[in-house]
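Engineer: Let me give you the structure first, and then I'll get to my questions.
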Amino acid sequence: MRRLFGLAIVLVVISGCSTLTVNQDFDPAVDFSAYRSYAWIEQEQSNTSGLVAQRVVRAVNAKLVRNGMEEVPDNPDLLVTYYLGSHETINVSGSGYGYGSYFGAYGWGGGVSSGDVNNVTWGNLIIDLVDAERQELVWRGSAKKAVDPNPTTEEMDAGIKEAVGKIFAQYPPSTTPEP
């Protein structure tokens, strides 16, 4: 019974690691309602496969179009780019020493519990929107999540769509531009 309880706690801790963390930052002086068109900044994603890059671009395009924007080849209002990467961390959980307060057959009790050590791969996606005329960053959204280092095609699709969807959930930001 004790092993089952311990396993349940470990599963809860591991599943908690896969929570998607999303952040946004933007220039509060910008009137985002003035942006109606966008174009992609050409960049080389040396650490990203072409298929992953296509997934990110498709997901971002879908969100921008849903927000009333149009992709144009010339004279866009915004320039769009993204950065995709990953890094690993080591998680140590459940280790420690405890000294019990019970009386056993031989006196006070105590013990050492064993811990778990595992590597966690974190996926990071950053999306930047740059004012094309001023060449200044006006909005940045980012997402971070513990990911499978060898995902299936379906997992990649779902993960990218989830990240992009949550990044753009608060776009355009609701602010009143400063005069």
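Letters A, B, ... go to the chains of the structure tokens in the order shown; residues in each chain start at 1; ligands are counted from 1 in the same order.
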Contacts of Arg36 of chain A at 9 Å or less, counting only C-alpha atoms, minus same-chain residues fewer than 4 places along, as a list of chain:residue names?
Structural biologist: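 Neighbouring residues, sequence-local ones excluded: A:Phe32, A:Gly68, A:Met69, A:Glu70, A:Glu71, A:Pro76, A:Asp77, A:Leu78.
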Engineer: Of the candidates A:Gly159, A:Gly85, A:Gly123, A:Pro172, which one gets nearest to Ala59 of chain A if we count only C-alpha atoms?
Structural biologist: A:Gly159
Engineer: At what distance in Å, to one decimal, does atom CA of Trp139 of chain A lie from atom CA of His87 of chain A?
Structural biologist: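 Between atom CA of His87 of chain A and atom CA of Trp139 of chain A the gap is 23.9 Å.
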Engineer: Do a neighbour search on Val120 of chain A at 10 Å with only C-alpha atoms, toss out local chain neighbours closer than 2 positions, and write the hits as a list in words.
Structural biologist: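 Result of the neighbour search: Ile14, Cys17, Ser18, His87, Glu88, Thr89, Ile90, Asn91, Val117, Asn118, Trp122, Gly123, Lys145, Ala146, Val147, Asp148 and Pro149 of chain A.
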Engineer: To one decimal in Å, tell me the separation between atom CA of Tyr171 of chain A and atom CA of Met156 of chain A.
Structural biologist: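 These atoms are spaced 23.1 Å apart.
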Engineer: Would you kindly return, as a list in words, each protein, DNA or RNA residue with an atom no farther than 12 Å from any atom of Gln135 of chain A, considering only C-alpha atoms and excluding same-chain residues fewer than 4 positions away?
Structural biologist: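 That gives Ile41, Pro76, Asp77, Leu78, Leu79, Val80, Asp128, Leu129, Val130 and Asp131 of chain A.
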Engineer: Restricted to N, CA and C atoms, what would the selected residues look like written as a PDB file, in the first residue's frame?
Structural biologist:
ATOM      1  N   ILE A  41      10.011  37.206 -41.159  1.00  0.00           N
ATOM      2  CA  ILE A  41      11.429  37.505 -41.301  1.00  0.00           C
ATOM      3  C   ILE A  41      12.105  36.193 -41.667  1.00  0.00           C
ATOM      4  N   PRO A  76       4.532  45.155 -45.034  1.00  0.00           N
ATOM      5  CA  PRO A  76       3.684  44.702 -43.920  1.00  0.00           C
ATOM      6  C   PRO A  76       3.755  45.689 -42.756  1.00  0.00           C
ATOM      7  N   ASP A  77       2.750  45.616 -41.907  1.00  0.00           N
ATOM      8  CA  ASP A  77       2.768  46.413 -40.681  1.00  0.00           C
ATOM      9  C   ASP A  77       3.699  45.777 -39.636  1.00  0.00           C
ATOM     10  N   LEU A  78       3.675  44.448 -39.580  1.00  0.00           N
ATOM     11  CA  LEU A  78       4.487  43.704 -38.610  1.00  0.00           C
ATOM     12  C   LEU A  78       5.388  42.706 -39.306  1.00  0.00           C
ATOM     13  N   LEU A  79       6.529  42.447 -38.686  1.00  0.00           N
ATOM     14  CA  LEU A  79       7.412  41.358 -39.092  1.00  0.00           C
ATOM     15  C   LEU A  79       7.346  40.305 -37.996  1.00  0.00           C
ATOM     16  N   VAL A  80       7.287  39.046 -38.397  1.00  0.00           N
ATOM     17  CA  VAL A  80       7.132  37.944 -37.449  1.00  0.00           C
ATOM     18  C   VAL A  80       8.346  37.030 -37.536  1.00  0.00           C
ATOM     19  N   ASP A 128       8.219  36.602 -31.811  1.00  0.00           N
ATOM     20  CA  ASP A 128       8.401  38.054 -31.775  1.00  0.00           C
ATOM     21  C   ASP A 128       7.610  38.724 -32.891  1.00  0.00           C
ATOM     22  N   LEU A 129       7.004  39.866 -32.559  1.00  0.00           N
ATOM     23  CA  LEU A 129       6.352  40.724 -33.544  1.00  0.00           C
ATOM     24  C   LEU A 129       7.079  42.063 -33.521  1.00  0.00           C
ATOM     25  N   VAL A 130       7.547  42.469 -34.687  1.00  0.00           N
ATOM     26  CA  VAL A 130       8.364  43.676 -34.834  1.00  0.00           C
ATOM     27  C   VAL A 130       7.613  44.675 -35.699  1.00  0.00           C
ATOM     28  N   ASP A 131       7.541  45.918 -35.242  1.00  0.00           N
ATOM     29  CA  ASP A 131       6.947  46.976 -36.050  1.00  0.00           C
ATOM     30  C   ASP A 131       7.845  47.161 -37.276  1.00  0.00           C
TER      31      ASP A 131
END
Engineer: In Å to one decimal, how far is atom CA of Ala34 of chain A from atom CA of Ser174 of chain A?
Structural biologist: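 Value for the atom CA of Ser174 of chain A-atom CA of Ala34 of chain A distance: 12.9 Å.
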Engineer: Return the single residue from A:Leu84, A:Glu133, A:Val138, A:Gly50 that is closest to Pro28 of chain A, with distances computed using only C-alpha atoms.
Structural biologist: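 Closest to Pro28 of chain A, using only C-alpha atoms: A:Val138.
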Engineer: Could you list, as an MDAnalysis selection string, every residue within 12 Å of Arg58 of chain A, counting only C-alpha atoms and ignoring same-chain residues fewer than 3 positions away?
Structural biologist: chainID A and resid 40 51:55 61:65 71 157 160:161 164:165
Engineer: Convert the current residue selection to file output with N, CA and C atoms, as a short mmCIF file (atom, residue, chain, number, x, y, z; two decimals), in the first residue's frame.
Structural biologist:
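See out17.cif below for the written result:
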data_model
loop_
_atom_site.label_atom_id
_atom_site.label_comp_id
_atom_site.auth_asym_id
_atom_site.auth_seq_id
_atom_site.Cartn_x
_atom_site.Cartn_y
_atom_site.Cartn_z
N TRP A 40 6.83 37.32 -42.71
CA TRP A 40 7.81 36.58 -41.92
C TRP A 40 9.22 37.10 -42.19
N LEU A 51 10.29 20.37 -41.14
CA LEU A 51 8.90 20.04 -40.84
C LEU A 51 8.42 20.71 -39.57
N VAL A 52 9.27 20.80 -38.56
CA VAL A 52 8.90 21.49 -37.33
C VAL A 52 8.71 22.98 -37.62
N ALA A 53 9.60 23.55 -38.41
CA ALA A 53 9.47 24.96 -38.78
C ALA A 53 8.14 25.21 -39.50
N GLN A 54 7.77 24.31 -40.40
CA GLN A 54 6.49 24.46 -41.11
C GLN A 54 5.32 24.42 -40.14
N ARG A 55 5.39 23.54 -39.15
CA ARG A 55 4.31 23.45 -38.16
C ARG A 55 4.16 24.75 -37.39
N ASN A 61 0.48 31.49 -38.38
CA ASN A 61 -0.35 32.07 -39.44
C ASN A 61 -1.84 31.94 -39.10
N ALA A 62 -2.24 30.77 -38.66
CA ALA A 62 -3.66 30.55 -38.33
C ALA A 62 -4.13 31.51 -37.23
N LYS A 63 -3.31 31.71 -36.22
CA LYS A 63 -3.69 32.61 -35.12
C LYS A 63 -3.74 34.07 -35.58
N LEU A 64 -2.77 34.49 -36.37
CA LEU A 64 -2.75 35.88 -36.84
C LEU A 64 -3.94 36.16 -37.77
N VAL A 65 -4.25 35.23 -38.64
CA VAL A 65 -5.40 35.40 -39.55
C VAL A 65 -6.69 35.47 -38.72
N GLU A 71 -1.34 38.05 -44.27
CA GLU A 71 0.07 37.92 -44.65
C GLU A 71 0.25 38.55 -46.03
N ASP A 157 2.68 18.00 -33.45
CA ASP A 157 1.58 18.84 -33.93
C ASP A 157 0.78 19.41 -32.78
N ILE A 160 2.85 21.97 -30.56
CA ILE A 160 3.06 23.27 -31.21
C ILE A 160 1.76 24.06 -31.26
N LYS A 161 0.66 23.40 -31.62
CA LYS A 161 -0.63 24.09 -31.67
C LYS A 161 -1.04 24.60 -30.29
N VAL A 164 1.36 27.68 -29.37
CA VAL A 164 1.02 28.88 -30.15
C VAL A 164 -0.34 29.41 -29.73
N GLY A 165 -1.30 28.51 -29.53
CA GLY A 165 -2.63 28.94 -29.11
C GLY A 165 -2.61 29.68 -27.79
#
